Amino acid sequence: CVEGGRVSDGRGSAALLLEARTRMAECFVFEGRYQDAIALLGGLEAEGGTEMTGILLERTFGYALVQSRRPDEGRPHLERSLELARAADSDYEVALSLRALADTARGDSPEADATFARLGVVRLPHVPLP
């Protein structure tokens, strides 16, 4: 959308900043830099962001807490990401959150595996876990 010569997505700069910080924290988690991810996400609220940003924020924070060897604190965030993904009716995000819950509990998720297969997902990034 173009407003007064400026390009706008209608979400505002706060939402874009929230999404950028959340994606940066996700990169830190993939690198095993959980301290950086926690520092970046600590205190952030998903208010004003998109549904997908909220899902990603919760899942990323949960992973970072598990990486920091605090699984009891991380699990509720992973469960919240699943709840938000189901509410958004996003099969891919549901499967990612199910996979996160299974991986952090050293288990399997047949529902996630079936969803990824149906969606044609061949490979996911590896999240280093303790």
# chains A, B, ... in the order shown; residues from 1 in each chain; ligands from 1
call {"tool": "select_by_dssp", "arguments": {"residues": "segment 1-117 of chain A", "states": "alpha helix (DSSP H)", "output": "MDAnalysis selection string"}}
result
chainID A and resid 13:30 34:41 51:67 71:87 91:104 110:117
call {"tool": "residues_around", "arguments": {"residues": "Gly74 of chain A", "least_positions_apart": "6", "cutoff": "12 Å", "atoms": "only C-alpha atoms", "output": "list in words"}}
result
Tyr34, Ile38, Leu57, Glu58, Arg59, Thr60, Phe61, Gly62, Tyr63, Ala64, Leu65, Val66, Gln67, Ser68, Arg80, Ser81, Ala100, Leu101, Thr104 and Ala105 of chain A
call {"tool": "atom_distance", "arguments": {"atom1": "atom CA of Val29 of chain A", "atom2": "atom CA of Val127 of chain A"}}
result
6.8 Å
call {"tool": "closest_residue", "arguments": {"among": "A:Pro125, A:Glu45, A:Leu84, A:Glu111", "to": "Glu26 of chain A", "atoms": "only C-alpha atoms"}}
result
A:Pro125
call {"tool": "closest_residue", "arguments": {"among": "A:Ala14, A:Leu44, A:Leu56, A:Ala102", "to": "Ala85 of chain A", "atoms": "only C-alpha atoms"}}
result
A:Leu56
call {"tool": "closest_residue", "arguments": {"among": "A:Leu78, A:Ala20, A:Leu96, A:Ala25", "to": "Thr115 of chain A", "atoms": "only C-alpha atoms"}}
result
A:Leu96
